[in-house]
file data.txt (compact mmCIF, C-alpha atoms)
# COMPACT_ATOMS: atom_id res chain seq x y z
CA MET L 23 -26.96 36.01 -47.94
CA SER L 24 -24.65 37.87 -45.58
CA LYS L 25 -22.02 36.03 -43.54
CA PHE L 26 -23.85 37.02 -40.37
CA LEU L 27 -27.09 35.41 -41.59
CA GLN L 28 -25.19 32.30 -42.72
CA LEU L 29 -23.59 32.02 -39.29
CA LEU L 30 -26.91 32.57 -37.54
CA LEU L 31 -28.63 29.99 -39.74
CA GLY L 32 -25.80 27.52 -39.06
CA LEU L 33 -26.07 28.01 -35.30
CA LEU L 34 -29.86 27.62 -35.35
CA THR L 35 -29.55 24.43 -37.42
CA ALA L 36 -26.97 22.98 -35.04
CA PHE L 37 -29.16 23.85 -32.04
CA ALA L 38 -32.22 22.27 -33.67
CA LEU L 39 -30.30 19.08 -34.47
CA SER L 40 -28.91 18.79 -30.95
CA ALA L 41 -32.37 19.31 -29.49
CA CYS L 42 -33.64 16.42 -31.61
CA ALA L 43 -30.96 14.02 -30.38
CA PRO L 44 -32.55 11.25 -28.33
CA ALA L 45 -32.02 11.54 -24.59
CA VAL L 46 -30.32 8.63 -22.89
CA ASN L 47 -32.63 6.97 -20.41
CA PHE L 48 -30.62 4.83 -18.04
CA LYS L 49 -32.03 2.09 -15.84
CA GLY L 50 -29.58 3.23 -13.13
CA THR L 51 -29.27 6.73 -11.71
CA ALA L 52 -27.77 9.23 -14.14
CA ILE L 53 -24.96 11.31 -12.67
CA ASP L 54 -24.44 14.85 -13.83
CA ASP L 55 -22.06 16.03 -11.13
CA ASP L 56 -18.66 17.11 -12.38
CA SER L 57 -17.33 17.20 -8.81
CA MET L 58 -17.57 13.39 -8.67
CA GLY L 59 -15.25 10.92 -10.31
CA GLY L 60 -12.08 11.68 -12.17
CA ASN L 61 -8.85 9.98 -13.03
CA PHE L 62 -6.72 8.03 -10.56
CA THR L 63 -3.77 5.66 -10.60
CA LEU L 64 -3.58 2.60 -8.36
CA THR L 65 -1.66 -0.68 -8.37
CA ASP L 66 -3.10 -3.50 -10.46
CA PHE L 67 -3.03 -7.16 -9.48
CA HIS L 68 0.27 -7.60 -11.34
CA GLY L 69 1.87 -5.04 -9.01
CA LYS L 70 2.08 -2.32 -11.69
CA PRO L 71 0.66 1.22 -11.65
CA LEU L 72 -2.50 1.51 -13.70
CA GLY L 73 -4.40 4.72 -14.39
CA LEU L 74 -8.06 5.03 -15.25
CA GLU L 75 -7.11 6.92 -18.42
CA ALA L 76 -5.72 3.64 -19.81
CA PHE L 77 -9.32 2.62 -20.49
CA HIS L 78 -10.44 5.62 -22.54
CA GLY L 79 -12.35 4.22 -25.48
CA LYS L 80 -14.04 1.62 -23.26
CA VAL L 81 -17.01 1.81 -20.92
CA VAL L 82 -15.73 1.21 -17.39
CA ALA L 83 -17.74 -0.47 -14.65
CA LEU L 84 -16.15 0.59 -11.37
CA PHE L 85 -16.90 -1.30 -8.16
CA PHE L 86 -15.45 -0.72 -4.68
CA GLY L 87 -15.26 -3.76 -2.43
CA TYR L 88 -12.95 -6.21 -0.68
CA THR L 89 -12.03 -9.85 -1.12
CA ASN L 90 -13.19 -11.00 2.34
CA CYS L 91 -16.68 -9.62 1.72
CA PRO L 92 -19.23 -12.37 2.42
CA ASP L 93 -22.08 -11.25 0.17
CA VAL L 94 -22.27 -7.87 -1.60
CA CYS L 95 -18.94 -8.06 -3.42
CA PRO L 96 -19.17 -11.57 -4.85
CA THR L 97 -22.80 -10.99 -5.82
CA THR L 98 -21.93 -7.80 -7.70
CA MET L 99 -18.97 -9.42 -9.41
CA LEU L 100 -21.18 -12.33 -10.50
CA GLU L 101 -23.70 -9.84 -11.92
CA TYR L 102 -20.97 -8.17 -13.99
CA ALA L 103 -19.73 -11.57 -15.17
CA SER L 104 -23.26 -12.24 -16.40
CA VAL L 105 -23.30 -8.81 -18.07
CA MET L 106 -20.14 -9.65 -20.00
CA LYS L 107 -21.80 -12.81 -21.33
CA GLN L 108 -24.93 -10.86 -22.32
CA LEU L 109 -22.88 -8.26 -24.17
CA GLY L 110 -21.27 -10.84 -26.45
CA ALA L 111 -18.66 -9.21 -28.73
CA ASP L 112 -19.36 -5.80 -27.14
CA ALA L 113 -17.83 -7.10 -23.88
CA ASP L 114 -14.42 -6.33 -25.38
CA LYS L 115 -15.40 -2.64 -25.26
CA VAL L 116 -16.02 -2.82 -21.48
CA GLN L 117 -13.61 -2.93 -18.54
CA VAL L 118 -14.70 -3.98 -15.07
CA LEU L 119 -12.46 -2.60 -12.32
CA PHE L 120 -12.62 -3.82 -8.72
CA VAL L 121 -11.08 -1.26 -6.34
CA SER L 122 -10.27 -2.65 -2.90
CA VAL L 123 -11.42 -0.71 0.14
CA ASP L 124 -9.26 -3.02 2.28
CA PRO L 125 -5.70 -2.34 1.06
CA GLU L 126 -4.15 -3.83 4.21
CA ARG L 127 -5.34 -7.33 3.28
CA ASP L 128 -6.00 -6.98 -0.45
CA THR L 129 -2.50 -7.11 -1.85
CA PRO L 130 -1.97 -7.46 -5.61
CA LYS L 131 -1.41 -11.22 -5.06
CA VAL L 132 -4.69 -11.59 -3.16
CA LEU L 133 -6.58 -9.63 -5.84
CA ALA L 134 -4.98 -11.77 -8.57
CA GLY L 135 -6.43 -14.86 -6.89
CA TYR L 136 -9.89 -13.33 -6.49
CA VAL L 137 -10.90 -10.93 -9.27
CA PRO L 138 -10.20 -13.05 -12.40
CA HIS L 139 -12.20 -15.87 -10.84
CA PHE L 140 -15.33 -13.99 -11.95
CA ASP L 141 -14.06 -13.09 -15.44
CA LYS L 142 -10.48 -13.20 -16.70
CA ARG L 143 -10.89 -9.68 -18.17
CA PHE L 144 -11.72 -8.08 -14.81
CA ILE L 145 -8.92 -6.13 -13.11
CA GLY L 146 -8.35 -5.68 -9.38
CA LEU L 147 -6.77 -2.48 -8.05
CA THR L 148 -5.27 -1.60 -4.69
CA GLY L 149 -2.90 0.96 -3.25
CA THR L 150 -1.76 2.55 -0.06
CA PRO L 151 -4.46 3.44 2.46
CA GLU L 152 -3.91 7.10 1.51
CA GLN L 153 -4.35 6.40 -2.22
CA ILE L 154 -7.51 4.38 -1.60
CA GLU L 155 -8.89 7.11 0.65
CA LYS L 156 -8.35 9.71 -2.09
CA VAL L 157 -10.16 7.60 -4.71
CA LYS L 158 -13.01 6.88 -2.28
CA LYS L 159 -13.47 10.63 -1.79
CA GLN L 160 -13.45 11.22 -5.56
CA TYR L 161 -16.31 8.75 -5.98
CA LYS L 162 -18.06 9.51 -2.67
CA VAL L 163 -17.61 5.95 -1.44
CA VAL L 164 -17.96 5.22 2.26
CA ALA L 165 -16.03 2.36 3.87
CA GLN L 166 -15.04 1.69 7.44
CA LYS L 167 -13.59 -1.18 9.42
CA VAL L 168 -15.88 -2.96 11.87
CA PRO L 169 -14.18 -5.10 14.54
CA THR L 170 -15.29 -8.72 14.70
CA PRO L 171 -14.97 -11.19 17.59
CA GLY L 172 -11.51 -12.71 17.79
CA GLY L 173 -9.66 -9.56 16.79
CA GLY L 174 -10.48 -9.48 13.09
CA TYR L 175 -12.56 -7.01 11.14
CA SER L 176 -15.00 -6.67 8.30
CA VAL L 177 -15.51 -3.57 6.16
CA ASP L 178 -18.87 -1.87 5.85
CA HIS L 179 -18.90 -0.07 2.51
CA SER L 180 -21.06 1.56 -0.12
CA ALA L 181 -22.72 -1.17 -2.11
CA GLY L 182 -23.15 0.18 -5.61
CA SER L 183 -21.13 0.51 -8.76
CA TYR L 184 -20.45 3.20 -11.32
CA LEU L 185 -20.41 3.33 -15.10
CA LEU L 186 -18.03 5.68 -16.88
CA ASP L 187 -18.39 6.48 -20.56
CA GLN L 188 -15.73 5.95 -23.20
CA LYS L 189 -14.19 9.35 -22.39
CA GLY L 190 -13.83 8.49 -18.70
CA LYS L 191 -16.74 10.65 -17.52
CA LEU L 192 -18.80 9.32 -14.64
CA ARG L 193 -22.32 8.80 -15.98
CA VAL L 194 -24.37 6.26 -14.00
CA PHE L 195 -24.69 4.90 -10.47
CA GLN L 196 -25.96 1.33 -10.23
CA ALA L 197 -27.50 0.36 -6.89
CA TYR L 198 -26.58 -2.97 -5.32
CA GLY L 199 -28.84 -5.71 -6.61
CA THR L 200 -29.39 -4.16 -10.05
CA PRO L 201 -30.18 -7.06 -12.41
CA ALA L 202 -27.56 -7.94 -15.00
CA ALA L 203 -30.01 -7.14 -17.81
CA ASN L 204 -30.33 -3.54 -16.56
CA LEU L 205 -26.56 -3.20 -16.19
CA ALA L 206 -26.09 -4.49 -19.73
CA TYR L 207 -28.74 -2.09 -21.04
CA ASP L 208 -27.01 0.93 -19.52
CA ILE L 209 -23.61 -0.19 -20.78
CA GLN L 210 -25.06 -0.56 -24.28
CA GLN L 211 -26.39 3.00 -24.06
CA LEU L 212 -22.89 4.21 -23.26
CA LEU L 213 -21.40 2.19 -26.13
CA ARG L 214 -23.54 4.06 -28.70

call {"tool": "encode", "arguments": {"input": "data.txt", "output": "structure tokens"}}
result
Amino acid sequence: MSKFLQLLLGLLTAFALSACAPAVNFKGTAIDDDSMGGNFTLTDFHGKPLGLEAFHGKVVALFFGYTNCPDVCPTTMLEYASVMKQLGADADKVQVLFVSVDPERDTPKVLAGYVPHFDKRFIGLTGTPEQIEKVKKQYKVVAQKVPTPGGGYSVDHSAGSYLLDQKGKLRVFQAYGTPAANLAYDIQQLLR
């Protein structure tokens, strides 16, 4: 057999095998948009710089919120705490990151008192308003201050989370209120 025919046969075999690979069916919304996501470095709740690339090899659940949030943020964090329990030993292959959209109030110290309350493995991240704005744009997150009576403010923000695969590629959007069982299912798909 000529080298050309061997090469052609090899390519056809590889194509046939890749076509037979099972498709991943997520419970959340699959993301196939290379313009979204990407690496970033923020300040962790120990006051040290931490880049997303530090978690390559793990599935990352990325949630944007703030510590003064009355409902969406604690509910989502509780769902991910439940997910970690459901995953058992596989939970060590997952990293939940909470990125503050309220860097003025959410200092590393404040995050350290909030985020590990849900699960000691969860990490809170903050940064300068400019750094947070850049990361929000990367992930197409919307957040804006809303004045409250008495001179304070709340923050209206996107209420979903993202799953990144073990190579750091953005793969799935999870809408707010997604049950823990569905989150765990999608994470298990990414752990394959």

call {"tool": "closest_residue", "arguments": {"input": "data.txt", "among": "L:Pro169, L:Gly199, L:Pro71, L:Gly146", "to": "Ser183 (chain L)", "atoms": "all atoms listed in the file"}}
result
L:Gly199

call {"tool": "residues_around", "arguments": {"input": "data.txt", "residues": "Lys158 (chain L)", "least_positions_apart": "4", "cutoff": "10 Å", "atoms": "only C-alpha atoms", "output": "list in words"}}
result
Gly59, Phe86, Val121, Ser122, Val123, Glu152, Gln153, Ile154, Lys162, Val163, Val164, Ala165 and Ser180 of chain L

call {"tool": "atom_distance", "arguments": {"input": "data.txt", "atom1": "CA of Phe195 (chain L)", "atom2": "CA of Lys49 (chain L)"}}
result
9.5 Å

call {"tool": "residues_around", "arguments": {"input": "data.txt", "residues": "Asp54 (chain L)", "least_positions_apart": "4", "cutoff": "10 Å", "atoms": "all atoms listed in the file", "output": "PyMOL selection string"}}
result
chain L and resi 58+191-194

call {"tool": "closest_residue", "arguments": {"input": "data.txt", "among": "L:Lys70, L:Lys142, L:Asn90, L:Thr98", "to": "Gln196 (chain L)", "atoms": "only C-alpha atoms"}}
result
L:Thr98

call {"tool": "closest_residue", "arguments": {"input": "data.txt", "among": "L:Phe77, L:Phe67, L:Phe62, L:Tyr207", "to": "Phe48 (chain L)", "atoms": "only C-alpha atoms"}}
result
L:Tyr207

call {"tool": "closest_residue", "arguments": {"input": "data.txt", "among": "L:Leu74, L:Val137, L:Thr148, L:His179", "to": "Lys167 (chain L)", "atoms": "only C-alpha atoms"}}
result
L:His179

call {"tool": "build_atoms", "arguments": {"input": "data.txt", "residues": "region 171-205 of chain L", "atoms": "N, CA and C atoms", "output": "PDB file, keeping the file's coordinate frame"}}
result
ATOM      1  N   PRO L 171     -15.486 -10.397  16.473  1.00  0.00           N
ATOM      2  CA  PRO L 171     -14.970 -11.190  17.590  1.00  0.00           C
ATOM      3  C   PRO L 171     -13.702 -11.940  17.165  1.00  0.00           C
ATOM      4  N   GLY L 172     -12.764 -12.012  18.068  1.00  0.00           N
ATOM      5  CA  GLY L 172     -11.510 -12.710  17.790  1.00  0.00           C
ATOM      6  C   GLY L 172     -10.417 -11.795  17.263  1.00  0.00           C
ATOM      7  N   GLY L 173     -10.702 -10.504  17.193  1.00  0.00           N
ATOM      8  CA  GLY L 173      -9.660  -9.560  16.790  1.00  0.00           C
ATOM      9  C   GLY L 173      -9.603  -9.224  15.317  1.00  0.00           C
ATOM     10  N   GLY L 174     -10.475  -9.786  14.514  1.00  0.00           N
ATOM     11  CA  GLY L 174     -10.480  -9.480  13.090  1.00  0.00           C
ATOM     12  C   GLY L 174     -11.345  -8.261  12.790  1.00  0.00           C
ATOM     13  N   TYR L 175     -11.666  -8.096  11.524  1.00  0.00           N
ATOM     14  CA  TYR L 175     -12.560  -7.010  11.140  1.00  0.00           C
ATOM     15  C   TYR L 175     -13.216  -7.314   9.803  1.00  0.00           C
ATOM     16  N   SER L 176     -14.357  -6.683   9.607  1.00  0.00           N
ATOM     17  CA  SER L 176     -15.000  -6.670   8.300  1.00  0.00           C
ATOM     18  C   SER L 176     -14.993  -5.210   7.851  1.00  0.00           C
ATOM     19  N   VAL L 177     -15.466  -4.949   6.661  1.00  0.00           N
ATOM     20  CA  VAL L 177     -15.510  -3.570   6.160  1.00  0.00           C
ATOM     21  C   VAL L 177     -16.916  -3.278   5.668  1.00  0.00           C
ATOM     22  N   ASP L 178     -17.577  -2.358   6.350  1.00  0.00           N
ATOM     23  CA  ASP L 178     -18.870  -1.870   5.850  1.00  0.00           C
ATOM     24  C   ASP L 178     -18.549  -0.854   4.764  1.00  0.00           C
ATOM     25  N   HIS L 179     -19.223  -0.989   3.609  1.00  0.00           N
ATOM     26  CA  HIS L 179     -18.900  -0.070   2.510  1.00  0.00           C
ATOM     27  C   HIS L 179     -20.113   0.173   1.621  1.00  0.00           C
ATOM     28  N   SER L 180     -20.030   1.259   0.860  1.00  0.00           N
ATOM     29  CA  SER L 180     -21.060   1.560  -0.120  1.00  0.00           C
ATOM     30  C   SER L 180     -21.231   0.359  -1.031  1.00  0.00           C
ATOM     31  N   ALA L 181     -22.467   0.072  -1.372  1.00  0.00           N
ATOM     32  CA  ALA L 181     -22.720  -1.170  -2.110  1.00  0.00           C
ATOM     33  C   ALA L 181     -23.337  -0.891  -3.481  1.00  0.00           C
ATOM     34  N   GLY L 182     -22.690  -0.082  -4.256  1.00  0.00           N
ATOM     35  CA  GLY L 182     -23.150   0.180  -5.610  1.00  0.00           C
ATOM     36  C   GLY L 182     -21.959   0.219  -6.534  1.00  0.00           C
ATOM     37  N   SER L 183     -22.215   0.400  -7.794  1.00  0.00           N
ATOM     38  CA  SER L 183     -21.130   0.510  -8.760  1.00  0.00           C
ATOM     39  C   SER L 183     -21.395   1.697  -9.674  1.00  0.00           C
ATOM     40  N   TYR L 184     -20.372   2.051 -10.435  1.00  0.00           N
ATOM     41  CA  TYR L 184     -20.450   3.200 -11.320  1.00  0.00           C
ATOM     42  C   TYR L 184     -20.139   2.781 -12.745  1.00  0.00           C
ATOM     43  N   LEU L 185     -20.751   3.484 -13.692  1.00  0.00           N
ATOM     44  CA  LEU L 185     -20.410   3.330 -15.100  1.00  0.00           C
ATOM     45  C   LEU L 185     -19.821   4.630 -15.604  1.00  0.00           C
ATOM     46  N   LEU L 186     -18.682   4.527 -16.266  1.00  0.00           N
ATOM     47  CA  LEU L 186     -18.030   5.680 -16.880  1.00  0.00           C
ATOM     48  C   LEU L 186     -18.085   5.497 -18.389  1.00  0.00           C
ATOM     49  N   ASP L 187     -18.306   6.588 -19.105  1.00  0.00           N
ATOM     50  CA  ASP L 187     -18.390   6.480 -20.560  1.00  0.00           C
ATOM     51  C   ASP L 187     -17.015   6.309 -21.183  1.00  0.00           C
ATOM     52  N   GLN L 188     -16.974   6.240 -22.482  1.00  0.00           N
ATOM     53  CA  GLN L 188     -15.730   5.950 -23.200  1.00  0.00           C
ATOM     54  C   GLN L 188     -14.705   7.082 -23.105  1.00  0.00           C
ATOM     55  N   LYS L 189     -15.129   8.239 -22.597  1.00  0.00           N
ATOM     56  CA  LYS L 189     -14.190   9.350 -22.390  1.00  0.00           C
ATOM     57  C   LYS L 189     -13.749   9.446 -20.931  1.00  0.00           C
ATOM     58  N   GLY L 190     -14.213   8.504 -20.108  1.00  0.00           N
ATOM     59  CA  GLY L 190     -13.830   8.490 -18.700  1.00  0.00           C
ATOM     60  C   GLY L 190     -14.705   9.336 -17.803  1.00  0.00           C
ATOM     61  N   LYS L 191     -15.832   9.819 -18.324  1.00  0.00           N
ATOM     62  CA  LYS L 191     -16.740  10.650 -17.520  1.00  0.00           C
ATOM     63  C   LYS L 191     -17.716   9.754 -16.765  1.00  0.00           C
ATOM     64  N   LEU L 192     -17.860  10.038 -15.488  1.00  0.00           N
ATOM     65  CA  LEU L 192     -18.800   9.320 -14.640  1.00  0.00           C
ATOM     66  C   LEU L 192     -20.219   9.623 -15.089  1.00  0.00           C
ATOM     67  N   ARG L 193     -20.996   8.572 -15.410  1.00  0.00           N
ATOM     68  CA  ARG L 193     -22.320   8.800 -15.980  1.00  0.00           C
ATOM     69  C   ARG L 193     -23.473   8.164 -15.204  1.00  0.00           C
ATOM     70  N   VAL L 194     -23.247   6.987 -14.597  1.00  0.00           N
ATOM     71  CA  VAL L 194     -24.370   6.260 -14.000  1.00  0.00           C
ATOM     72  C   VAL L 194     -23.953   5.591 -12.696  1.00  0.00           C
ATOM     73  N   PHE L 195     -24.843   5.667 -11.709  1.00  0.00           N
ATOM     74  CA  PHE L 195     -24.690   4.900 -10.470  1.00  0.00           C
ATOM     75  C   PHE L 195     -25.648   3.724 -10.553  1.00  0.00           C
ATOM     76  N   GLN L 196     -25.139   2.534 -10.245  1.00  0.00           N
ATOM     77  CA  GLN L 196     -25.960   1.330 -10.230  1.00  0.00           C
ATOM     78  C   GLN L 196     -26.072   0.846  -8.785  1.00  0.00           C
ATOM     79  N   ALA L 197     -27.276   0.814  -8.266  1.00  0.00           N
ATOM     80  CA  ALA L 197     -27.500   0.360  -6.890  1.00  0.00           C
ATOM     81  C   ALA L 197     -27.188  -1.132  -6.775  1.00  0.00           C
ATOM     82  N   TYR L 198     -26.805  -1.548  -5.584  1.00  0.00           N
ATOM     83  CA  TYR L 198     -26.580  -2.970  -5.320  1.00  0.00           C
ATOM     84  C   TYR L 198     -27.857  -3.747  -5.635  1.00  0.00           C
ATOM     85  N   GLY L 199     -27.695  -4.875  -6.278  1.00  0.00           N
ATOM     86  CA  GLY L 199     -28.840  -5.710  -6.610  1.00  0.00           C
ATOM     87  C   GLY L 199     -29.454  -5.401  -7.965  1.00  0.00           C
ATOM     88  N   THR L 200     -28.879  -4.459  -8.710  1.00  0.00           N
ATOM     89  CA  THR L 200     -29.390  -4.160 -10.050  1.00  0.00           C
ATOM     90  C   THR L 200     -29.238  -5.409 -10.913  1.00  0.00           C
ATOM     91  N   PRO L 201     -30.287  -5.848 -11.573  1.00  0.00           N
ATOM     92  CA  PRO L 201     -30.180  -7.060 -12.410  1.00  0.00           C
ATOM     93  C   PRO L 201     -29.184  -6.879 -13.549  1.00  0.00           C
ATOM     94  N   ALA L 202     -28.553  -7.974 -13.927  1.00  0.00           N
ATOM     95  CA  ALA L 202     -27.560  -7.940 -15.000  1.00  0.00           C
ATOM     96  C   ALA L 202     -28.135  -7.370 -16.289  1.00  0.00           C
ATOM     97  N   ALA L 203     -29.398  -7.651 -16.581  1.00  0.00           N
ATOM     98  CA  ALA L 203     -30.010  -7.140 -17.810  1.00  0.00           C
ATOM     99  C   ALA L 203     -30.049  -5.614 -17.806  1.00  0.00           C
ATOM    100  N   ASN L 204     -30.317  -5.013 -16.654  1.00  0.00           N
ATOM    101  CA  ASN L 204     -30.330  -3.540 -16.560  1.00  0.00           C
ATOM    102  C   ASN L 204     -28.925  -2.973 -16.680  1.00  0.00           C
ATOM    103  N   LEU L 205     -27.957  -3.641 -16.060  1.00  0.00           N
ATOM    104  CA  LEU L 205     -26.560  -3.200 -16.190  1.00  0.00           C
ATOM    105  C   LEU L 205     -26.138  -3.245 -17.651  1.00  0.00           C
TER     106      LEU L 205
END
